[in-house]
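Each remark here refers to the structure printed beneath this line.
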Amino acid sequence: MKNNAKRYFSLLFVLILIISTVTACSGNSANNGADKGVSNNKENESTAKDPVEFTDISADIRGNTAPTQEQIDEVNHSLNDTYLGDVFDEVIPNDYSAYPVKGDVVLDVWMPANSNIPDMNNHAVQKQVEQLTGIKVNFITPPIGQEADAFTLMISSGELPDIIIEPGRYPGGFEAGVNDGAYIDLTDLMEKNAPNYTKWRNSDESRRKTTVTDDGKLLGFYGIAPYSEWTWFGTLIKQEALDKTGLEVPNTIDEWHTFLTKAKEVGYKAPLNYGSTYGQIFTGIINGAYGVWDWTFLDENGKVAWGPAQPKAKEYLTTMQQWNKEGLLNPDWATADFNQRMASAISGDTAMMMDSPDTMWSYWKEQSGIDFVGALNPVLNKGDKSATTYKNFKRAGIEAAITTQSKNVEAAMAWLDFNYSKKGWELINFGEYGTVHLIDETGMPYYPENSYIFKDPEGQPVSTTLWKYRMHNWPDIRDEHHSNPLIAAKGSYSGDIRKNWTENMDTSMAMPPISFTKDEASREAELGNQLSTLRGEYFAKIIMGDLPVDVYDKFLKEAQSMGLEEFLSIHQAALDRYNKR
């Protein structure tokens, strides 16, 4: 009763405050934001604070291709967002009432290392976030390659920072970290301390559903997009290979074999750049044509199934064993790392590969002048629809947790919440105004041709500057389609390829981002590791020709004896709970 009464009077006080205060958050931009999108009156009442008023500067900034230093400073050194348009179906929130945070606040943030960011503490975007929020952050990054060990040591030491980026590294997952007392359950704190994140995640059912646990808890801050991002991984073919072979882009498995065979005849020594240490043989592309998906997927009845155990697995393995024997695959497909793979890709040995068109726009087109096209995932029969188990559920980027040892939970939430404001969307995605991006007539940020992204003063390629001048993967509103410079570059067709894949491939078998209970997570990880190792060993050896295809039957029996049915039942239970969220 006390809590209810207290809540009642708090709400009454806020209502009086709202009625008696003339609100004009962020000028016209803020007023528009209050009138659009999914509204939650309770949420708006409970998070309302002192409004922030700004002079509308949209007439000076929108469409301005040569801003003055004064205009640049006005944009970069204030929270004024009136020049930004409402460019998505749901309006991005812009509650800046928490900033600047009072007092001398310093937060420790642990995050994995990134070779493209030598010193996160001097990152241009984070320096600007610090100035706008009033929150200083000390980033703790382990040496590259030692992230897993460093995380384990940090957790076992019991000495935790305020915030952890990629908290899912915790044994058993994100939720296990909350249950074990390492991370804070933020459910009761979100509305008050993270109004932007709260409003944004609630503005769309998919965003809401994928950022809450099965029992309704809010564990942390997830990267969540304004849309379902385009498929990012698929098949790419050098245009010169199509020209030399005189063939069209292949669609069926038979057409793929014809193309690869012809490509080898015209000089491509290993025409299909097939594997890598991060993808190997399980890309969901060739095997997907046989329904032998990489891992779990939804069958025609919407139930969880395991790809490697599907009826056409032997057909798939027979095909790949034959292709390998014919020399159609890169010989180091089982061991090649990223650098080895890219070196092979730009050589005259490769005609076709499986990767991101964003990556290959940099390595093929920008650095080597090699044009390429995208191919839909292959099918067995002409007329069948291409399919993929990749589907973006408006979850993007990475997540962040606040630890139980945080010195200032409210400030930690305010720092993360800024990323989900309109100003945060602009800064995190597009970097600094002036040197990196400008604003078009509609209020959308864009990279001009002389942007530091494309013309780095230090001469670094776009594959590096996309990390150097902006945050490419972060707990924020990730606007991949507009802010990824490998898509947005003048003349780039990377986005066109990804969009075509997305619009022309069936994703009905894609698993949503389910979560496991503490007990399930431990068992799922144990069984999953065993099954993954088993699959890798058998499938690789069969494709290499070291084992006959018929040994697949032994593989399937071993998988079943390991606990495949239990593994699937764990995933099915998690899916059932997800569907009820």
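Letters A, B, ... go to the chains of the structure tokens in the order shown; residues in each chain start at 1; ligands are counted from 1 in the same order.
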
Env of Ser508 of chain A: 9 Å cut, atoms = only C-alpha atoms, seq-sep filter 4 positions within chain, self excluded. Answer as a ChimeraX atom specification.
/A:298-300,302,387-389,391

Within segment 306-375 of chain A, find each residue whose DSSP state, derived from the backbone, is strand (DSSP E or B), and express the selection as a PDB file with C-alpha atoms, in the first residue's frame.
```pdb
ATOM      1  CA  TRP A 306      18.320 -29.111 -36.353  1.00  0.00           C
ATOM      2  CA  LEU A 329      36.769 -24.892 -53.767  1.00  0.00           C
ATOM      3  CA  MET A 352      32.821 -16.446 -56.506  1.00  0.00           C
ATOM      4  CA  MET A 353      32.730 -16.116 -52.729  1.00  0.00           C
ATOM      5  CA  MET A 354      30.408 -15.972 -49.762  1.00  0.00           C
ATOM      6  CA  ASP A 355      30.665 -12.844 -47.652  1.00  0.00           C
ATOM      7  CA  PHE A 372      30.813  -7.807 -58.664  1.00  0.00           C
ATOM      8  CA  VAL A 373      27.181  -8.859 -58.484  1.00  0.00           C
ATOM      9  CA  GLY A 374      25.108 -10.665 -55.895  1.00  0.00           C
ATOM     10  CA  ALA A 375      23.456 -14.048 -56.340  1.00  0.00           C
TER      11      ALA A 375
END
```

Find the spatial neighbours of Ile164 of chain A, counting only C-alpha atoms, within a cut-off of 12 Å - ignore same-chain residues fewer than 2 positions away - and output them as JSON, numbers by chain.
{"A": [107, 108, 109, 110, 111, 112, 138, 139, 140, 141, 151, 154, 155, 160, 161, 162, 166, 167, 168, 169, 170, 174, 177, 182, 183, 184, 220, 221, 398, 399, 400, 401, 402, 403, 404, 405, 406, 412, 416, 474, 475]}

Check the DSSP output for the backbone and give back, as number ranges by chain, the residues of segment 345-460 of chain A in helix (DSSP H, G or I).
A: 345-346, 357-368, 409-420, 422-430

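Interatomic distance, atom CA of Thr435 of chain A against atom CA of Val125 of chain A: 12.2 Å.
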
Which residues of segment 156-223 of chain A sit at most 8 Å from segment 520-531 of chain A, using only C-alpha atoms? Give each one's shortest atom pair and distance in Å (one decimal place), in chain and ascending residue order, as a tab-separated table.
```
residue	atom	partner	partner_atom	distance
A:Pro171	CA	A:Ser522	CA	7.8
A:Gly172	CA	A:Ala521	CA	4.9
A:Gly173	CA	A:Ala521	CA	7.0
```

Can I get the selected residues back with N, CA, C and O atoms, as a compact mmCIF listing (two decimals), in the first residue's frame?
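In the end it all went to selection_30.txt:
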```txt
# COMPACT_ATOMS: atom_id res chain seq x y z
N PRO A 171 29.09 -16.72 -18.40
CA PRO A 171 28.73 -18.15 -18.49
C PRO A 171 27.23 -18.36 -18.30
O PRO A 171 26.68 -18.00 -17.26
N GLY A 172 26.57 -18.91 -19.31
CA GLY A 172 25.13 -19.10 -19.23
C GLY A 172 24.36 -17.96 -19.86
O GLY A 172 23.14 -18.03 -19.99
N GLY A 173 25.06 -16.88 -20.24
CA GLY A 173 24.41 -15.79 -20.93
C GLY A 173 24.07 -14.59 -20.06
O GLY A 173 24.33 -14.55 -18.86
```

Please tabulate, as a tab-separated table, the residues of segment 457-558 of chain A that come within 8 Å of segment 222-229 of chain A, each with its closest pair of atoms and the distance in Å to one decimal, counting only C-alpha atoms and ordering rows by chain, then residue number upward.
```
residue	atom	partner	partner_atom	distance
A:Trp474	CA	A:Gly223	CA	6.3
A:Pro475	CA	A:Gly223	CA	4.1
A:Asp476	CA	A:Gly223	CA	4.8
A:Ile477	CA	A:Ala225	CA	5.1
A:Arg478	CA	A:Ala225	CA	5.0
A:Asp479	CA	A:Ala225	CA	6.2
A:Glu480	CA	A:Glu229	CA	7.1
A:His481	CA	A:Glu229	CA	7.4
```

Which residues are near Asp243 of chain A? Cut-off 12 Å, only C-alpha atoms, ignore same chain within fewer than 6 positions. Put them as a ChimeraX atom specification.
/A:237,249,259,262-263,266,351,371-373

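Distances to Asp440 of chain A were evaluated for A:Leu486, A:Val87, A:Ile570, A:Ile72 using only C-alpha atoms, and the minimum falls at A:Val87.
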
Quick one: residues within 9 Å of Tyr493 of chain A, only C-alpha atoms, excluding same-chain residues fewer than 3 positions away - as a list in words?
Pro357, Asp358, Trp361, Val373, Leu486, Ile487, Ala488, Ala489, Lys490, Asp496, Ile497 and Arg498 of chain A

Go ahead and compute the interatomic distance for atom CA of Asn500 of chain A and atom CA of Leu236 of chain A, in Å to one decimal.
12.5 Å

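Minimum distance to Ser347 of chain A across A:Gly307, A:Gly383, A:Pro93, A:Gly267 (counting only C-alpha atoms) occurs at A:Gly267.
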
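Residues in contact with Ala289 of chain A at 8 Å, where only C-alpha atoms are counted and same-chain residues fewer than 5 positions away are skipped, are listed as A:Ile253, A:Asn377, A:Pro378, A:Val379, A:Leu380, A:Ser386, A:Ala387.
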
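Take the candidates A:Phe54, A:Asn473, A:Phe454, A:Tyr363 and check each one against Asn339 of chain A using only C-alpha atoms; the shortest distance goes to A:Tyr363.
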
Closest of A:Asn179, A:Thr359, A:Ser97, A:Gln126 to Val462 of chain A, counting only C-alpha atoms, is A:Thr359

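Shortest separation to Gly491 of chain A among A:Thr464, A:Trp200, A:Glu449, A:Thr517 occurs at residue A:Glu449, atoms counted being only C-alpha atoms.
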
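Shortest atom-to-atom contact with Thr82 of chain A among A:His571, A:Lys422, A:Arg395, A:Lys102: A:Lys422, counting only C-alpha atoms.
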
Which polymer residues have any atom within 12 Å of an atom of Thr319 of chain A, counting only C-alpha atoms, with same-chain residues fewer than 4 positions away left out, as a ChimeraX atom specification?
/A:253-254,256-257,286-287,289-290,312-315,323-326,328-329,380,542-545,549

Restricting the output to N, CA and C atoms, write the selected residues as a PDB file, in the first residue's frame.
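Saved the output as again11.pdb:
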```pdb
ATOM      1  N   ILE A 253      21.469 -25.400 -57.988  1.00  0.00           N
ATOM      2  CA  ILE A 253      22.725 -26.078 -57.671  1.00  0.00           C
ATOM      3  C   ILE A 253      23.418 -26.549 -58.948  1.00  0.00           C
ATOM      4  N   ASP A 254      22.654 -27.076 -59.902  1.00  0.00           N
ATOM      5  CA  ASP A 254      23.237 -27.518 -61.175  1.00  0.00           C
ATOM      6  C   ASP A 254      23.863 -26.347 -61.920  1.00  0.00           C
ATOM      7  N   TRP A 256      25.052 -23.645 -60.545  1.00  0.00           N
ATOM      8  CA  TRP A 256      26.270 -23.312 -59.801  1.00  0.00           C
ATOM      9  C   TRP A 256      27.427 -24.209 -60.267  1.00  0.00           C
ATOM     10  N   HIS A 257      27.161 -25.496 -60.377  1.00  0.00           N
ATOM     11  CA  HIS A 257      28.214 -26.436 -60.779  1.00  0.00           C
ATOM     12  C   HIS A 257      28.697 -26.119 -62.199  1.00  0.00           C
ATOM     13  N   ILE A 286      24.795 -22.992 -49.601  1.00  0.00           N
ATOM     14  CA  ILE A 286      24.668 -24.220 -50.385  1.00  0.00           C
ATOM     15  C   ILE A 286      23.886 -25.266 -49.598  1.00  0.00           C
ATOM     16  N   ASN A 287      24.234 -25.457 -48.331  1.00  0.00           N
ATOM     17  CA  ASN A 287      23.519 -26.455 -47.534  1.00  0.00           C
ATOM     18  C   ASN A 287      22.046 -26.102 -47.367  1.00  0.00           C
ATOM     19  N   ALA A 289      20.069 -24.998 -49.572  1.00  0.00           N
ATOM     20  CA  ALA A 289      19.299 -25.468 -50.726  1.00  0.00           C
ATOM     21  C   ALA A 289      18.731 -26.860 -50.475  1.00  0.00           C
ATOM     22  N   TYR A 290      19.403 -27.612 -49.629  1.00  0.00           N
ATOM     23  CA  TYR A 290      18.972 -28.980 -49.292  1.00  0.00           C
ATOM     24  C   TYR A 290      18.176 -29.027 -47.983  1.00  0.00           C
ATOM     25  N   LYS A 312      17.937 -34.511 -46.487  1.00  0.00           N
ATOM     26  CA  LYS A 312      18.786 -34.369 -47.670  1.00  0.00           C
ATOM     27  C   LYS A 312      20.255 -34.106 -47.337  1.00  0.00           C
ATOM     28  N   ALA A 313      20.658 -34.381 -46.100  1.00  0.00           N
ATOM     29  CA  ALA A 313      22.040 -34.126 -45.695  1.00  0.00           C
ATOM     30  C   ALA A 313      23.037 -34.910 -46.543  1.00  0.00           C
ATOM     31  N   LYS A 314      22.713 -36.149 -46.843  1.00  0.00           N
ATOM     32  CA  LYS A 314      23.633 -36.955 -47.661  1.00  0.00           C
ATOM     33  C   LYS A 314      23.784 -36.386 -49.064  1.00  0.00           C
ATOM     34  N   GLU A 315      22.691 -35.874 -49.622  1.00  0.00           N
ATOM     35  CA  GLU A 315      22.771 -35.269 -50.952  1.00  0.00           C
ATOM     36  C   GLU A 315      23.688 -34.054 -50.928  1.00  0.00           C
ATOM     37  N   TRP A 323      32.452 -31.509 -55.499  1.00  0.00           N
ATOM     38  CA  TRP A 323      33.000 -30.204 -55.861  1.00  0.00           C
ATOM     39  C   TRP A 323      34.426 -30.036 -55.333  1.00  0.00           C
ATOM     40  N   ASN A 324      34.642 -30.525 -54.129  1.00  0.00           N
ATOM     41  CA  ASN A 324      35.983 -30.438 -53.555  1.00  0.00           C
ATOM     42  C   ASN A 324      36.973 -31.282 -54.371  1.00  0.00           C
ATOM     43  N   LYS A 325      36.538 -32.481 -54.755  1.00  0.00           N
ATOM     44  CA  LYS A 325      37.387 -33.385 -55.546  1.00  0.00           C
ATOM     45  C   LYS A 325      37.717 -32.763 -56.900  1.00  0.00           C
ATOM     46  N   GLU A 326      36.772 -32.012 -57.459  1.00  0.00           N
ATOM     47  CA  GLU A 326      36.971 -31.395 -58.764  1.00  0.00           C
ATOM     48  C   GLU A 326      37.802 -30.112 -58.695  1.00  0.00           C
ATOM     49  N   LEU A 328      36.957 -27.251 -57.222  1.00  0.00           N
ATOM     50  CA  LEU A 328      36.136 -26.057 -57.381  1.00  0.00           C
ATOM     51  C   LEU A 328      36.177 -25.151 -56.154  1.00  0.00           C
ATOM     52  N   LEU A 329      36.706 -25.652 -55.014  1.00  0.00           N
ATOM     53  CA  LEU A 329      36.769 -24.892 -53.767  1.00  0.00           C
ATOM     54  C   LEU A 329      38.201 -24.475 -53.477  1.00  0.00           C
ATOM     55  N   LEU A 380      17.363 -26.128 -55.292  1.00  0.00           N
ATOM     56  CA  LEU A 380      17.543 -27.408 -55.973  1.00  0.00           C
ATOM     57  C   LEU A 380      16.835 -27.442 -57.322  1.00  0.00           C
ATOM     58  N   ILE A 542      34.070 -35.572 -44.434  1.00  0.00           N
ATOM     59  CA  ILE A 542      33.314 -36.124 -45.561  1.00  0.00           C
ATOM     60  C   ILE A 542      33.553 -35.282 -46.811  1.00  0.00           C
ATOM     61  N   ILE A 543      33.476 -33.967 -46.669  1.00  0.00           N
ATOM     62  CA  ILE A 543      33.673 -33.085 -47.820  1.00  0.00           C
ATOM     63  C   ILE A 543      35.095 -33.211 -48.360  1.00  0.00           C
ATOM     64  N   MET A 544      36.058 -33.363 -47.480  1.00  0.00           N
ATOM     65  CA  MET A 544      37.448 -33.527 -47.905  1.00  0.00           C
ATOM     66  C   MET A 544      37.694 -34.873 -48.589  1.00  0.00           C
ATOM     67  N   GLY A 545      36.764 -35.804 -48.389  1.00  0.00           N
ATOM     68  CA  GLY A 545      36.932 -37.130 -48.965  1.00  0.00           C
ATOM     69  C   GLY A 545      37.657 -38.090 -48.048  1.00  0.00           C
ATOM     70  N   VAL A 549      30.495 -40.703 -47.702  1.00  0.00           N
ATOM     71  CA  VAL A 549      29.243 -40.038 -47.369  1.00  0.00           C
ATOM     72  C   VAL A 549      28.370 -40.901 -46.464  1.00  0.00           C
TER      73      VAL A 549
END
```
